[in-house]
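Working notes, beginning with the structure itself.
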Amino acid sequence: MAGLQLRSAMAIPFSLTAAFRALSVSTPKRAFTTTSAAQSAPKLPADVPAYPYGPRQWYKQADTGLYGGSMIRFGNKISKGRNEGKTRRSWKPNVRRKKMWSEALQQHLFIKVTRRALRTIISEGGLDKYLLSDRPARLKELGVFGWHLRYQVMQSPAIKEQFRQQREKMGLPEPMTFEEWMKAKEGEIEATVEERLNIKPLTKPRPKGQADPQNDARKIAAAEALP
């Protein structure tokens, strides 16, 4: 019995040490977070031309719909009562999710659109006419989302036929396809490279008695540089 009591008494410090070692002062990680995720710029598909104005650097939410150039604004709230003073506040665009019809695509589209852009679409006569406008101000306010939607509308058969009729009316030739343009561009690049790498005219020996214009020019420049 004495031996058992001695063993139990000796085991107490070791068990307490193990218990203290098992304790952790670090706070456990939370399974959720209240911090909003960083907004990433939307990317266009590979077959869509690059947007000339690039993604928005401020208020990146505007690249997810038709905002018409609207952005978040900041200002002051002026108190006129007993506690006169200024309080910082912000004004966000009036964004709605609207169901809009596209004549070119022949389908309804659910788009985030501001009240300002919606009035412009109604005054233009429809979503397609709003997207197909070629004014620089309109292209700038489209954003990445509007640019992608504009490309889809332009690639529809109805709009292609409309452009073809306009070219015939104006007497313009048919534009090259992308494959034809790439083939012509490759031919131009090959001709330029061949012209730059062709050193036969430079290494061709001159007949006796023929002057070298470059050498004569260097001699004249050296003579003029002398005092």
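For the structure tokens, the naming scheme is as follows: chains receive sequential letters (A, B, ...) according to their order of presentation, residues are indexed from 1 within each chain, and ligands are indexed from 1 in presentation order.
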Name all residues at most 10 Å from stretch 125-137 of chain A (count only C-alpha atoms; drop same-chain ones fewer than 4 positions away) and give them as a PyMOL selection string. chain A and resi 66+68-69+100-105+109+117-118+120-121+141-142+146-151+153-154+159
How about saving the chosen residues, N, CA and C atoms kept, as a JSON list (two decimals), in the first residue's frame?
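Below you can see part_23.json, which holds the result:
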```
[["chain", "number", "residue", "atom", "x", "y", "z"],
["A", 66, "LEU", "N", -24.56, 47.81, -65.89],
["A", 66, "LEU", "CA", -24.62, 49.06, -66.64],
["A", 66, "LEU", "C", -24.90, 50.19, -65.65],
["A", 68, "GLY", "N", -23.72, 53.41, -66.17],
["A", 68, "GLY", "CA", -23.80, 54.70, -66.84],
["A", 68, "GLY", "C", -22.83, 55.73, -66.33],
["A", 69, "GLY", "N", -21.69, 55.31, -65.81],
["A", 69, "GLY", "CA", -20.70, 56.24, -65.27],
["A", 69, "GLY", "C", -20.96, 56.66, -63.85],
["A", 100, "MET", "N", -34.49, 42.99, -69.08],
["A", 100, "MET", "CA", -34.50, 43.79, -70.29],
["A", 100, "MET", "C", -34.46, 42.88, -71.51],
["A", 101, "TRP", "N", -35.15, 43.31, -72.57],
["A", 101, "TRP", "CA", -35.25, 42.52, -73.79],
["A", 101, "TRP", "C", -34.23, 43.00, -74.81],
["A", 102, "SER", "N", -33.55, 42.03, -75.43],
["A", 102, "SER", "CA", -32.58, 42.31, -76.48],
["A", 102, "SER", "C", -33.11, 41.79, -77.81],
["A", 103, "GLU", "N", -33.31, 42.70, -78.76],
["A", 103, "GLU", "CA", -33.82, 42.29, -80.07],
["A", 103, "GLU", "C", -32.79, 41.45, -80.83],
["A", 104, "ALA", "N", -31.53, 41.79, -80.69],
["A", 104, "ALA", "CA", -30.49, 41.06, -81.43],
["A", 104, "ALA", "C", -30.32, 39.65, -80.90],
["A", 105, "LEU", "N", -30.30, 39.50, -79.59],
["A", 105, "LEU", "CA", -30.11, 38.18, -78.98],
["A", 105, "LEU", "C", -31.41, 37.40, -78.83],
["A", 109, "LEU", "N", -32.64, 39.60, -70.62],
["A", 109, "LEU", "CA", -31.40, 39.64, -69.84],
["A", 109, "LEU", "C", -31.68, 40.30, -68.50],
["A", 117, "ALA", "N", -28.70, 55.12, -66.11],
["A", 117, "ALA", "CA", -28.50, 54.36, -67.34],
["A", 117, "ALA", "C", -29.82, 53.88, -67.92],
["A", 118, "LEU", "N", -30.78, 53.56, -67.05],
["A", 118, "LEU", "CA", -32.08, 53.09, -67.54],
["A", 118, "LEU", "C", -32.82, 54.19, -68.30],
["A", 120, "THR", "N", -31.38, 56.53, -70.00],
["A", 120, "THR", "CA", -30.70, 56.66, -71.29],
["A", 120, "THR", "C", -31.10, 55.54, -72.24],
["A", 121, "ILE", "N", -31.24, 54.33, -71.72],
["A", 121, "ILE", "CA", -31.65, 53.19, -72.56],
["A", 121, "ILE", "C", -33.05, 53.43, -73.12],
["A", 141, "GLU", "N", -18.56, 54.78, -70.56],
["A", 141, "GLU", "CA", -19.48, 54.50, -69.46],
["A", 141, "GLU", "C", -20.01, 53.06, -69.49],
["A", 142, "LEU", "N", -19.75, 52.33, -70.57],
["A", 142, "LEU", "CA", -20.21, 50.94, -70.63],
["A", 142, "LEU", "C", -19.52, 50.07, -69.60],
["A", 146, "GLY", "N", -20.54, 46.06, -69.94],
["A", 146, "GLY", "CA", -21.21, 46.56, -71.12],
["A", 146, "GLY", "C", -20.44, 46.30, -72.40],
["A", 147, "TRP", "N", -19.10, 46.33, -72.31],
["A", 147, "TRP", "CA", -18.28, 46.03, -73.49],
["A", 147, "TRP", "C", -18.46, 44.57, -73.93],
["A", 148, "HIS", "N", -18.50, 43.66, -72.98],
["A", 148, "HIS", "CA", -18.72, 42.25, -73.30],
["A", 148, "HIS", "C", -20.11, 42.04, -73.90],
["A", 149, "LEU", "N", -21.10, 42.70, -73.32],
["A", 149, "LEU", "CA", -22.47, 42.58, -73.84],
["A", 149, "LEU", "C", -22.58, 43.19, -75.23],
["A", 150, "ARG", "N", -21.87, 44.28, -75.45],
["A", 150, "ARG", "CA", -21.86, 44.91, -76.78],
["A", 150, "ARG", "C", -21.27, 43.97, -77.83],
["A", 151, "TYR", "N", -20.21, 43.25, -77.47],
["A", 151, "TYR", "CA", -19.60, 42.30, -78.41],
["A", 151, "TYR", "C", -20.56, 41.17, -78.75],
["A", 153, "VAL", "N", -23.80, 41.33, -78.77],
["A", 153, "VAL", "CA", -24.84, 41.87, -79.65],
["A", 153, "VAL", "C", -24.32, 42.03, -81.07],
["A", 154, "MET", "N", -23.08, 42.49, -81.21],
["A", 154, "MET", "CA", -22.51, 42.71, -82.54],
["A", 154, "MET", "C", -22.26, 41.40, -83.28],
["A", 159, "ILE", "N", -27.60, 41.64, -86.24],
["A", 159, "ILE", "CA", -26.76, 42.85, -86.34],
["A", 159, "ILE", "C", -25.76, 42.71, -87.48]]
```
Excluding same-chain residues fewer than 6 positions from A:Gly143, what lies within 9 Å of it counting only C-alpha atoms, as a PyMOL selection string? chain A and resi 51+53-56+62-69
Could you please write out, as a PyMOL selection string, every residue of stretch 17-213 of chain A that DSSP assigns to strand (DSSP E or B)? chain A and resi 66+73-79+85-91+95-102+107-114
Using only N, CA and C atoms, please write the residues we just selected to a file, as a PDB file, in the first residue's frame.
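Contents of the output file selection-v1.pdb:
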```
ATOM      1  N   LEU A  66     -24.556  47.811 -65.886  1.00  0.00           N
ATOM      2  CA  LEU A  66     -24.621  49.063 -66.642  1.00  0.00           C
ATOM      3  C   LEU A  66     -24.895  50.193 -65.653  1.00  0.00           C
ATOM      4  N   ARG A  73     -20.332  58.594 -54.179  1.00  0.00           N
ATOM      5  CA  ARG A  73     -19.897  59.964 -53.906  1.00  0.00           C
ATOM      6  C   ARG A  73     -19.859  60.194 -52.401  1.00  0.00           C
ATOM      7  N   PHE A  74     -18.992  61.099 -52.002  1.00  0.00           N
ATOM      8  CA  PHE A  74     -18.803  61.402 -50.587  1.00  0.00           C
ATOM      9  C   PHE A  74     -19.040  62.896 -50.356  1.00  0.00           C
ATOM     10  N   GLY A  75     -19.515  63.202 -49.180  1.00  0.00           N
ATOM     11  CA  GLY A  75     -19.768  64.595 -48.838  1.00  0.00           C
ATOM     12  C   GLY A  75     -20.026  64.744 -47.354  1.00  0.00           C
ATOM     13  N   ASN A  76     -20.652  65.844 -46.993  1.00  0.00           N
ATOM     14  CA  ASN A  76     -20.928  66.164 -45.596  1.00  0.00           C
ATOM     15  C   ASN A  76     -22.427  66.321 -45.376  1.00  0.00           C
ATOM     16  N   LYS A  77     -22.866  65.871 -44.229  1.00  0.00           N
ATOM     17  CA  LYS A  77     -24.237  66.110 -43.784  1.00  0.00           C
ATOM     18  C   LYS A  77     -24.210  67.281 -42.809  1.00  0.00           C
ATOM     19  N   ILE A  78     -24.879  68.364 -43.170  1.00  0.00           N
ATOM     20  CA  ILE A  78     -24.846  69.591 -42.382  1.00  0.00           C
ATOM     21  C   ILE A  78     -26.012  69.583 -41.392  1.00  0.00           C
ATOM     22  N   SER A  79     -25.697  69.721 -40.131  1.00  0.00           N
ATOM     23  CA  SER A  79     -26.720  69.802 -39.090  1.00  0.00           C
ATOM     24  C   SER A  79     -27.081  71.265 -38.862  1.00  0.00           C
ATOM     25  N   GLY A  85     -22.879  71.250 -37.161  1.00  0.00           N
ATOM     26  CA  GLY A  85     -21.618  70.605 -37.499  1.00  0.00           C
ATOM     27  C   GLY A  85     -21.752  69.825 -38.792  1.00  0.00           C
ATOM     28  N   LYS A  86     -20.697  69.111 -39.127  1.00  0.00           N
ATOM     29  CA  LYS A  86     -20.646  68.327 -40.350  1.00  0.00           C
ATOM     30  C   LYS A  86     -20.383  66.864 -40.007  1.00  0.00           C
ATOM     31  N   THR A  87     -21.047  66.005 -40.733  1.00  0.00           N
ATOM     32  CA  THR A  87     -20.853  64.566 -40.575  1.00  0.00           C
ATOM     33  C   THR A  87     -20.607  63.965 -41.947  1.00  0.00           C
ATOM     34  N   ARG A  88     -19.526  63.232 -42.077  1.00  0.00           N
ATOM     35  CA  ARG A  88     -19.200  62.621 -43.359  1.00  0.00           C
ATOM     36  C   ARG A  88     -20.226  61.547 -43.709  1.00  0.00           C
ATOM     37  N   ARG A  89     -20.616  61.510 -44.969  1.00  0.00           N
ATOM     38  CA  ARG A  89     -21.557  60.508 -45.439  1.00  0.00           C
ATOM     39  C   ARG A  89     -21.264  60.208 -46.904  1.00  0.00           C
ATOM     40  N   SER A  90     -21.944  59.213 -47.435  1.00  0.00           N
ATOM     41  CA  SER A  90     -21.727  58.794 -48.824  1.00  0.00           C
ATOM     42  C   SER A  90     -23.068  58.606 -49.514  1.00  0.00           C
ATOM     43  N   TRP A  91     -23.049  58.742 -50.829  1.00  0.00           N
ATOM     44  CA  TRP A  91     -24.222  58.528 -51.668  1.00  0.00           C
ATOM     45  C   TRP A  91     -23.886  57.439 -52.678  1.00  0.00           C
ATOM     46  N   VAL A  95     -29.065  51.431 -57.826  1.00  0.00           N
ATOM     47  CA  VAL A  95     -28.881  50.256 -58.676  1.00  0.00           C
ATOM     48  C   VAL A  95     -30.088  49.341 -58.528  1.00  0.00           C
ATOM     49  N   ARG A  96     -30.615  48.903 -59.651  1.00  0.00           N
ATOM     50  CA  ARG A  96     -31.725  47.953 -59.678  1.00  0.00           C
ATOM     51  C   ARG A  96     -31.356  46.777 -60.575  1.00  0.00           C
ATOM     52  N   ARG A  97     -31.988  45.664 -60.340  1.00  0.00           N
ATOM     53  CA  ARG A  97     -31.819  44.495 -61.204  1.00  0.00           C
ATOM     54  C   ARG A  97     -33.059  44.396 -62.089  1.00  0.00           C
ATOM     55  N   LYS A  98     -32.863  44.691 -63.377  1.00  0.00           N
ATOM     56  CA  LYS A  98     -33.990  44.790 -64.307  1.00  0.00           C
ATOM     57  C   LYS A  98     -33.936  43.661 -65.334  1.00  0.00           C
ATOM     58  N   LYS A  99     -35.103  43.285 -65.791  1.00  0.00           N
ATOM     59  CA  LYS A  99     -35.252  42.306 -66.866  1.00  0.00           C
ATOM     60  C   LYS A  99     -35.466  43.075 -68.163  1.00  0.00           C
ATOM     61  N   MET A 100     -34.487  42.985 -69.077  1.00  0.00           N
ATOM     62  CA  MET A 100     -34.503  43.791 -70.288  1.00  0.00           C
ATOM     63  C   MET A 100     -34.458  42.876 -71.509  1.00  0.00           C
ATOM     64  N   TRP A 101     -35.154  43.311 -72.569  1.00  0.00           N
ATOM     65  CA  TRP A 101     -35.254  42.523 -73.789  1.00  0.00           C
ATOM     66  C   TRP A 101     -34.227  42.995 -74.807  1.00  0.00           C
ATOM     67  N   SER A 102     -33.552  42.025 -75.435  1.00  0.00           N
ATOM     68  CA  SER A 102     -32.577  42.315 -76.482  1.00  0.00           C
ATOM     69  C   SER A 102     -33.112  41.787 -77.806  1.00  0.00           C
ATOM     70  N   GLN A 107     -33.718  37.444 -76.475  1.00  0.00           N
ATOM     71  CA  GLN A 107     -33.894  36.880 -75.144  1.00  0.00           C
ATOM     72  C   GLN A 107     -33.914  38.004 -74.114  1.00  0.00           C
ATOM     73  N   HIS A 108     -34.453  37.671 -72.943  1.00  0.00           N
ATOM     74  CA  HIS A 108     -34.463  38.611 -71.835  1.00  0.00           C
ATOM     75  C   HIS A 108     -33.164  38.475 -71.048  1.00  0.00           C
ATOM     76  N   LEU A 109     -32.643  39.604 -70.615  1.00  0.00           N
ATOM     77  CA  LEU A 109     -31.404  39.639 -69.844  1.00  0.00           C
ATOM     78  C   LEU A 109     -31.677  40.298 -68.501  1.00  0.00           C
ATOM     79  N   PHE A 110     -31.185  39.681 -67.440  1.00  0.00           N
ATOM     80  CA  PHE A 110     -31.279  40.258 -66.106  1.00  0.00           C
ATOM     81  C   PHE A 110     -29.978  41.020 -65.842  1.00  0.00           C
ATOM     82  N   ILE A 111     -30.080  42.338 -65.774  1.00  0.00           N
ATOM     83  CA  ILE A 111     -28.908  43.201 -65.711  1.00  0.00           C
ATOM     84  C   ILE A 111     -29.033  44.138 -64.520  1.00  0.00           C
ATOM     85  N   LYS A 112     -27.917  44.356 -63.855  1.00  0.00           N
ATOM     86  CA  LYS A 112     -27.861  45.399 -62.836  1.00  0.00           C
ATOM     87  C   LYS A 112     -27.676  46.742 -63.542  1.00  0.00           C
ATOM     88  N   VAL A 113     -28.615  47.626 -63.371  1.00  0.00           N
ATOM     89  CA  VAL A 113     -28.603  48.893 -64.087  1.00  0.00           C
ATOM     90  C   VAL A 113     -29.007  50.009 -63.128  1.00  0.00           C
ATOM     91  N   THR A 114     -28.381  51.156 -63.273  1.00  0.00           N
ATOM     92  CA  THR A 114     -28.740  52.311 -62.461  1.00  0.00           C
ATOM     93  C   THR A 114     -29.924  53.043 -63.098  1.00  0.00           C
TER      94      THR A 114
END
```
Helix (DSSP H, G or I) residues, from DSSP on the backbone, in stretch 12-209 of chain A, as an MDAnalysis selection string: chainID A and resid 12:22 60:64 115:124 127:131 136:154 157:170 178:197 200:203
Could you list, as a list in words, every residue within 12 Å of A:Pro175, counting only C-alpha atoms and ignoring same-chain residues fewer than 5 positions away? Lys160, Phe163, Arg164, Arg167, Glu168, Glu180 and Trp181 of chain A
Please dump the current selection as a compact mmCIF listing (two decimals), in the first residue's frame; keep N, CA and C atoms.
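Result went into out26.txt, see below:
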```
# COMPACT_ATOMS: atom_id res chain seq x y z
N LYS A 160 -25.24 41.50 -87.72
CA LYS A 160 -24.34 41.31 -88.85
C LYS A 160 -25.04 41.60 -90.17
N PHE A 163 -25.39 45.38 -90.52
CA PHE A 163 -24.13 46.00 -90.94
C PHE A 163 -23.85 45.73 -92.42
N ARG A 164 -24.19 44.53 -92.89
CA ARG A 164 -23.95 44.20 -94.30
C ARG A 164 -24.80 45.08 -95.22
N ARG A 167 -23.25 48.52 -95.38
CA ARG A 167 -22.06 48.56 -96.25
C ARG A 167 -22.46 48.58 -97.72
N GLU A 168 -23.46 47.78 -98.09
CA GLU A 168 -23.92 47.79 -99.47
C GLU A 168 -24.49 49.15 -99.86
N GLU A 180 -8.45 35.66 -92.43
CA GLU A 180 -7.81 36.37 -93.55
C GLU A 180 -6.92 37.50 -93.04
N TRP A 181 -7.38 38.20 -92.02
CA TRP A 181 -6.57 39.28 -91.47
C TRP A 181 -5.28 38.75 -90.86
```
Atom CA of A:Gln106 sits from atom CA of A:Ala158 at a separation of 9.6 Å
